[in-house]
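Asker: My questions will all concern the structure given below.
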Amino acid sequence: MNDKPEKFIDENGLRLDGRQINEIRPMTIKIGVLSRADGSCYLEWGNNKVLVAVYGPRELHPRRLQKSDSALIRYRYNMAAFSVEERVRPGPSRRSIEISKVSREAFEPVVMTQLYPGAVIDVFAEVLQADAGTRTAAINAASIALADAGIPMKGLVAACAVGKVDDKLVLDLNKPEDNYGQADLPIAMTQDGDITLVQMDGDLSQEEFKQAVEMCKEGCRQILEIQKEALKNKFADDTAVNIPDDIDEVTYVEAIVEFDIEEDEYPEEDDISGESEDEDEDTGSLDEEGEPEDIEEEFIDIVEEAADEEEITEGSDIREQ
Ligand code: UDP
């Protein structure tokens, strides 16, 4: 193990890895990396590398473990034996059991488990390379993997830690800061700013604690943006709209923008000529559904207008609207 550094923050206010005190490490996210999992995510955060697989919702066996009114979430955090300098003994440890428990609890308020009584949602978080902050890295990846699995959630969960070194609060601890620092406060937060995990090692005054929570929340907000961007990119590719040859383009656009048309944008009944069901020149002819054709035309105009406004084009992401 490296020795304790003399100073963690230099005269320019920079940390050992060159970061500002309120700067998170670079994060990259890959989604859907495992073909057999329902959802998966590989995440690198600084020197941390984690892989998360999500399975479910699927029927829970044995049945006596089933919850009649909701799904059960199981979360397993595991460090690969080779993920740290000193080999980790394979199998559960007190540390991994604790991290698995608090991480599961970090997701319980957002995952809509009530939709799947009797089911289980399994989250497997494997730490491949550790450099402090692995529980928070795993939570960030799990959030994406759950979304990738299509599990209904009220929002994403993001996590990061604040610590104290050289008597200063620093965001997103690296290994020396974690191992030799004065405090470590990992937090997980929902998109609404609700905290779903707080743990703390070391000492912080009440004032420092408050500041640390605010700093952590800011870190989580930045991570949420990275997570959302990653999901958008993934689903923009996946949902590229390829209009089949035998489907009329207008019908297709109509289906996409159906929910974007405000009620008050529908043509007023009074504005529509030809309401009568009689099929004559004044009232307009009826289409196959028995609706006057000009109503349909007017509706299509609105749909097309809405489509123009939304710039709906072939290949656009329908989920972003
Ligand atoms: N660590 C280690 N061996 C262990 C557990 C942890 O070398 O058995 C290292 C690893 O780099 C980890 C860091 O210590 O990321 C901090 O561990 P901590 O328990 O604070 O959890 P984390 O910050 O990773 O969530």
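Letters A, B, ... go to the chains of the structure tokens in the order shown; residues in each chain start at 1; ligands are counted from 1 in the same order.
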Could you give me the residues within 9 Å of ligand 1, counting only C-alpha atoms and all ligand atoms, as a PDB file with N, CA and C atoms, in the first residue's frame?
Answerer:
```pdb
ATOM      1  N   MET A   1       0.839  -1.204   0.000  1.00  0.00           N
ATOM      2  CA  MET A   1       0.000   0.000   0.000  1.00  0.00           C
ATOM      3  C   MET A   1       0.876   1.258   0.000  1.00  0.00           C
ATOM      4  N   ASN A  48     -11.722   3.368 -11.025  1.00  0.00           N
ATOM      5  CA  ASN A  48     -12.697   2.318 -10.687  1.00  0.00           C
ATOM      6  C   ASN A  48     -13.288   1.723 -11.960  1.00  0.00           C
ATOM      7  N   MET A  79     -16.551  -7.659  -4.762  1.00  0.00           N
ATOM      8  CA  MET A  79     -15.252  -7.203  -5.274  1.00  0.00           C
ATOM      9  C   MET A  79     -14.520  -8.405  -5.846  1.00  0.00           C
ATOM     10  N   SER A  83      -9.328  -7.141  -7.820  1.00  0.00           N
ATOM     11  CA  SER A  83      -9.694  -5.732  -8.016  1.00  0.00           C
ATOM     12  C   SER A  83      -8.869  -4.755  -7.186  1.00  0.00           C
ATOM     13  N   VAL A  84      -8.139  -5.283  -6.207  1.00  0.00           N
ATOM     14  CA  VAL A  84      -7.350  -4.406  -5.319  1.00  0.00           C
ATOM     15  C   VAL A  84      -5.934  -4.957  -5.190  1.00  0.00           C
ATOM     16  N   GLU A  85      -5.053  -4.151  -4.559  1.00  0.00           N
ATOM     17  CA  GLU A  85      -3.654  -4.582  -4.424  1.00  0.00           C
ATOM     18  C   GLU A  85      -3.547  -5.899  -3.667  1.00  0.00           C
ATOM     19  N   GLU A  86      -4.199  -5.929  -2.503  1.00  0.00           N
ATOM     20  CA  GLU A  86      -4.146  -7.158  -1.712  1.00  0.00           C
ATOM     21  C   GLU A  86      -5.364  -8.004  -2.043  1.00  0.00           C
ATOM     22  N   ARG A  87      -5.140  -9.187  -2.579  1.00  0.00           N
ATOM     23  CA  ARG A  87      -6.225 -10.039  -3.059  1.00  0.00           C
ATOM     24  C   ARG A  87      -7.404 -10.088  -2.070  1.00  0.00           C
ATOM     25  N   VAL A  88      -8.606  -9.923  -2.599  1.00  0.00           N
ATOM     26  CA  VAL A  88      -9.807 -10.029  -1.750  1.00  0.00           C
ATOM     27  C   VAL A  88     -10.204 -11.494  -1.682  1.00  0.00           C
ATOM     28  N   ARG A  89     -10.511 -11.965  -0.498  1.00  0.00           N
ATOM     29  CA  ARG A  89     -10.941 -13.355  -0.378  1.00  0.00           C
ATOM     30  C   ARG A  89     -12.314 -13.519  -1.043  1.00  0.00           C
ATOM     31  N   SER A  93     -18.311 -10.937   2.508  1.00  0.00           N
ATOM     32  CA  SER A  93     -17.614 -10.501   3.720  1.00  0.00           C
ATOM     33  C   SER A  93     -18.559  -9.567   4.466  1.00  0.00           C
ATOM     34  N   ARG A  95     -18.108  -6.527   4.995  1.00  0.00           N
ATOM     35  CA  ARG A  95     -18.154  -5.280   4.222  1.00  0.00           C
ATOM     36  C   ARG A  95     -19.097  -5.408   3.021  1.00  0.00           C
ATOM     37  N   SER A  96     -18.959  -6.499   2.259  1.00  0.00           N
ATOM     38  CA  SER A  96     -19.781  -6.611   1.040  1.00  0.00           C
ATOM     39  C   SER A  96     -21.258  -6.822   1.390  1.00  0.00           C
ATOM     40  N   ILE A  99     -22.531  -3.343   2.293  1.00  0.00           N
ATOM     41  CA  ILE A  99     -22.681  -2.485   1.099  1.00  0.00           C
ATOM     42  C   ILE A  99     -23.877  -2.951   0.261  1.00  0.00           C
ATOM     43  N   VAL A 127     -17.169  -5.412  -8.826  1.00  0.00           N
ATOM     44  CA  VAL A 127     -16.081  -4.433  -8.899  1.00  0.00           C
ATOM     45  C   VAL A 127     -14.871  -5.135  -9.506  1.00  0.00           C
ATOM     46  N   GLN A 129     -12.069  -3.327 -10.725  1.00  0.00           N
ATOM     47  CA  GLN A 129     -10.879  -2.579 -10.302  1.00  0.00           C
ATOM     48  C   GLN A 129     -11.343  -1.500  -9.330  1.00  0.00           C
ATOM     49  N   ALA A 130     -10.670  -1.442  -8.173  1.00  0.00           N
ATOM     50  CA  ALA A 130     -11.139  -0.541  -7.116  1.00  0.00           C
ATOM     51  C   ALA A 130     -10.134   0.564  -6.845  1.00  0.00           C
ATOM     52  N   ASP A 131     -10.674   1.764  -6.675  1.00  0.00           N
ATOM     53  CA  ASP A 131      -9.803   2.899  -6.345  1.00  0.00           C
ATOM     54  C   ASP A 131     -10.566   3.907  -5.493  1.00  0.00           C
ATOM     55  N   ALA A 132     -11.309   3.401  -4.535  1.00  0.00           N
ATOM     56  CA  ALA A 132     -12.149   4.210  -3.627  1.00  0.00           C
ATOM     57  C   ALA A 132     -13.412   4.696  -4.333  1.00  0.00           C
ATOM     58  N   GLY A 133     -14.514   4.581  -3.595  1.00  0.00           N
ATOM     59  CA  GLY A 133     -15.798   4.991  -4.169  1.00  0.00           C
ATOM     60  C   GLY A 133     -16.454   3.877  -4.955  1.00  0.00           C
ATOM     61  N   THR A 134     -16.130   2.632  -4.631  1.00  0.00           N
ATOM     62  CA  THR A 134     -16.691   1.542  -5.443  1.00  0.00           C
ATOM     63  C   THR A 134     -18.181   1.349  -5.174  1.00  0.00           C
ATOM     64  N   ARG A 135     -18.633   1.586  -3.933  1.00  0.00           N
ATOM     65  CA  ARG A 135     -20.078   1.391  -3.674  1.00  0.00           C
ATOM     66  C   ARG A 135     -20.881   2.431  -4.449  1.00  0.00           C
ATOM     67  N   THR A 136     -20.334   3.660  -4.509  1.00  0.00           N
ATOM     68  CA  THR A 136     -21.061   4.717  -5.227  1.00  0.00           C
ATOM     69  C   THR A 136     -20.972   4.469  -6.746  1.00  0.00           C
ATOM     70  N   ALA A 137     -19.814   3.992  -7.200  1.00  0.00           N
ATOM     71  CA  ALA A 137     -19.679   3.670  -8.635  1.00  0.00           C
ATOM     72  C   ALA A 137     -20.686   2.582  -9.008  1.00  0.00           C
ATOM     73  N   ALA A 138     -20.814   1.578  -8.138  1.00  0.00           N
ATOM     74  CA  ALA A 138     -21.736   0.472  -8.416  1.00  0.00           C
ATOM     75  C   ALA A 138     -23.189   0.962  -8.432  1.00  0.00           C
ATOM     76  N   ALA A 161     -19.215  10.488  -3.023  1.00  0.00           N
ATOM     77  CA  ALA A 161     -18.784  10.700  -1.639  1.00  0.00           C
ATOM     78  C   ALA A 161     -18.061  12.028  -1.503  1.00  0.00           C
ATOM     79  N   LEU A 173     -13.698  11.085  -3.375  1.00  0.00           N
ATOM     80  CA  LEU A 173     -12.365  10.702  -2.876  1.00  0.00           C
ATOM     81  C   LEU A 173     -11.681   9.680  -3.772  1.00  0.00           C
ATOM     82  N   ASN A 174     -10.374   9.883  -3.977  1.00  0.00           N
ATOM     83  CA  ASN A 174      -9.584   8.816  -4.605  1.00  0.00           C
ATOM     84  C   ASN A 174      -8.991   7.946  -3.485  1.00  0.00           C
ATOM     85  N   LYS A 175      -8.218   6.948  -3.869  1.00  0.00           N
ATOM     86  CA  LYS A 175      -7.777   5.954  -2.878  1.00  0.00           C
ATOM     87  C   LYS A 175      -6.966   6.559  -1.715  1.00  0.00           C
ATOM     88  N   PRO A 176      -5.904   7.344  -1.979  1.00  0.00           N
ATOM     89  CA  PRO A 176      -5.157   7.898  -0.832  1.00  0.00           C
ATOM     90  C   PRO A 176      -6.040   8.783   0.052  1.00  0.00           C
ATOM     91  N   ASP A 178      -9.237   8.498   0.503  1.00  0.00           N
ATOM     92  CA  ASP A 178     -10.143   7.609   1.241  1.00  0.00           C
ATOM     93  C   ASP A 178      -9.398   6.913   2.374  1.00  0.00           C
ATOM     94  N   ASN A 179      -8.231   6.363   2.054  1.00  0.00           N
ATOM     95  CA  ASN A 179      -7.510   5.557   3.050  1.00  0.00           C
ATOM     96  C   ASN A 179      -6.914   6.400   4.180  1.00  0.00           C
ATOM     97  N   ASP A 184     -15.110  10.270   5.405  1.00  0.00           N
ATOM     98  CA  ASP A 184     -15.628   9.743   4.129  1.00  0.00           C
ATOM     99  C   ASP A 184     -17.145   9.642   4.271  1.00  0.00           C
ATOM    100  N   PRO A 186     -20.250   8.819   1.913  1.00  0.00           N
ATOM    101  CA  PRO A 186     -20.943   8.493   0.660  1.00  0.00           C
ATOM    102  C   PRO A 186     -22.448   8.759   0.772  1.00  0.00           C
ATOM    103  N   ASP A 201     -17.782   7.702   7.742  1.00  0.00           N
ATOM    104  CA  ASP A 201     -16.585   7.268   8.464  1.00  0.00           C
ATOM    105  C   ASP A 201     -15.847   8.512   8.888  1.00  0.00           C
TER     106      ASP A 201
END
```
Asker: Going by DSSP on the backbone, which bits of range 68-222 of chain A are helix (DSSP H, G or I)? Write them as a PyMOL selection string, please.
Answerer: chain A and resi 94-107+113-115+134-148+175-180+206-222
Asker: Smallest atom-to-atom distance to Ile144 in chain A: which of A:Lys30, A:Lys168, A:Lys7, A:Arg94, using only C-alpha atoms?
Answerer: A:Lys30
Asker: Kindly give the distance, in Å, that separates CA of Lys234 in chain A and CA of Ile31 in chain A, rounded to a single decimal.
Answerer: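 Going from CA of Lys234 in chain A over to CA of Ile31 in chain A covers 6.9 Å.
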Asker: For a quick check of understanding, using only C-alpha atoms, which of A:Ile21, A:Ala119, A:Ala141, A:Ala158 has the smallest distance to Tyr77 in chain A?
Answerer: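 Using only C-alpha atoms, the shortest distance to Tyr77 in chain A belongs to A:Ala141.
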Asker: Enter the distance from CA of Gln191 in chain A to CA of Leu224 in chain A, in Å, rounded to one decimal.
Answerer: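 So the answer is 7.2 Å.
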Asker: Which residues of range 12-62 of chain A come within 12 Å of range 207-223 of chain A, and for each one, what is the closest pair of atoms and their distance in Å to one decimal, counting only C-alpha atoms, sorted by chain and residue number, as JSON lines?
Answerer:
```
{"residue": "A:Ile21", "atom": "CA", "partner": "A:Met215", "partner_atom": "CA", "distance": 10.0}
{"residue": "A:Asn22", "atom": "CA", "partner": "A:Met215", "partner_atom": "CA", "distance": 7.2}
{"residue": "A:Glu23", "atom": "CA", "partner": "A:Gly219", "partner_atom": "CA", "distance": 7.8}
{"residue": "A:Ile24", "atom": "CA", "partner": "A:Gly219", "partner_atom": "CA", "distance": 6.8}
{"residue": "A:Arg25", "atom": "CA", "partner": "A:Gly219", "partner_atom": "CA", "distance": 10.2}
{"residue": "A:Pro26", "atom": "CA", "partner": "A:Ile223", "partner_atom": "CA", "distance": 10.0}
{"residue": "A:Met27", "atom": "CA", "partner": "A:Ile223", "partner_atom": "CA", "distance": 8.4}
{"residue": "A:Thr28", "atom": "CA", "partner": "A:Ile223", "partner_atom": "CA", "distance": 10.5}
{"residue": "A:Ile29", "atom": "CA", "partner": "A:Ile223", "partner_atom": "CA", "distance": 10.8}
{"residue": "A:Leu43", "atom": "CA", "partner": "A:Ile223", "partner_atom": "CA", "distance": 11.9}
{"residue": "A:Trp45", "atom": "CA", "partner": "A:Ile223", "partner_atom": "CA", "distance": 10.6}
```
Asker: Limited to N, CA and C atoms, could you put the picked residues into a file as a compact mmCIF listing (two decimals), in the first residue's frame?
Answerer:
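Saved to again-v3.txt:
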```
# COMPACT_ATOMS: atom_id res chain seq x y z
N ILE A 21 -11.03 20.81 -5.61
CA ILE A 21 -11.62 20.12 -4.46
C ILE A 21 -13.08 19.69 -4.70
N ASN A 22 -13.75 20.40 -5.64
CA ASN A 22 -15.16 20.04 -5.88
C ASN A 22 -15.36 19.38 -7.25
N GLU A 23 -14.33 18.70 -7.71
CA GLU A 23 -14.40 18.11 -9.06
C GLU A 23 -14.51 16.59 -8.94
N ILE A 24 -15.42 16.01 -9.73
CA ILE A 24 -15.52 14.54 -9.73
C ILE A 24 -14.55 13.96 -10.76
N ARG A 25 -14.23 12.68 -10.60
CA ARG A 25 -13.34 12.03 -11.56
C ARG A 25 -14.09 11.79 -12.88
N PRO A 26 -13.35 11.67 -13.97
CA PRO A 26 -14.04 11.43 -15.26
C PRO A 26 -14.80 10.10 -15.21
N MET A 27 -15.99 10.11 -15.80
CA MET A 27 -16.83 8.90 -15.79
C MET A 27 -17.22 8.51 -17.21
N THR A 28 -17.07 7.23 -17.53
CA THR A 28 -17.59 6.76 -18.82
C THR A 28 -18.55 5.60 -18.57
N ILE A 29 -19.58 5.54 -19.39
CA ILE A 29 -20.65 4.57 -19.18
C ILE A 29 -20.93 3.82 -20.47
N LEU A 43 -19.16 0.69 -16.06
CA LEU A 43 -18.86 2.08 -15.72
C LEU A 43 -17.42 2.23 -15.24
N TRP A 45 -14.89 5.05 -13.50
CA TRP A 45 -14.93 6.33 -12.79
C TRP A 45 -13.55 6.54 -12.21
```
Asker: Grab the CA of Ser205 in chain A to CA of Leu14 in chain A distance for me, in Å with one decimal place.
Answerer: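 CA of Leu14 in chain A lies 23.3 Å from CA of Ser205 in chain A.
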Asker: Find the residue from A:Ser40, A:Ala188, A:Leu146, A:Thr196 that sits nearest to Glu108 in chain A; use only C-alpha atoms when measuring.
Answerer: A:Thr196
Asker: If DSSP is run on the backbone, what residues of range 15-179 of chain A are strand (DSSP E)? A reply as a PyMOL selection string would be ideal.
Answerer: chain A and resi 27-31+39-45+48-59+72-79+119-129+157-165+168-171
Asker: For Arg74 in chain A, which of A:Lys228, A:Lys101, A:Arg15, A:Arg36 is the closest residue, counting only C-alpha atoms?
Answerer: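 Selected residue with least distance to Arg74 in chain A: A:Lys101.
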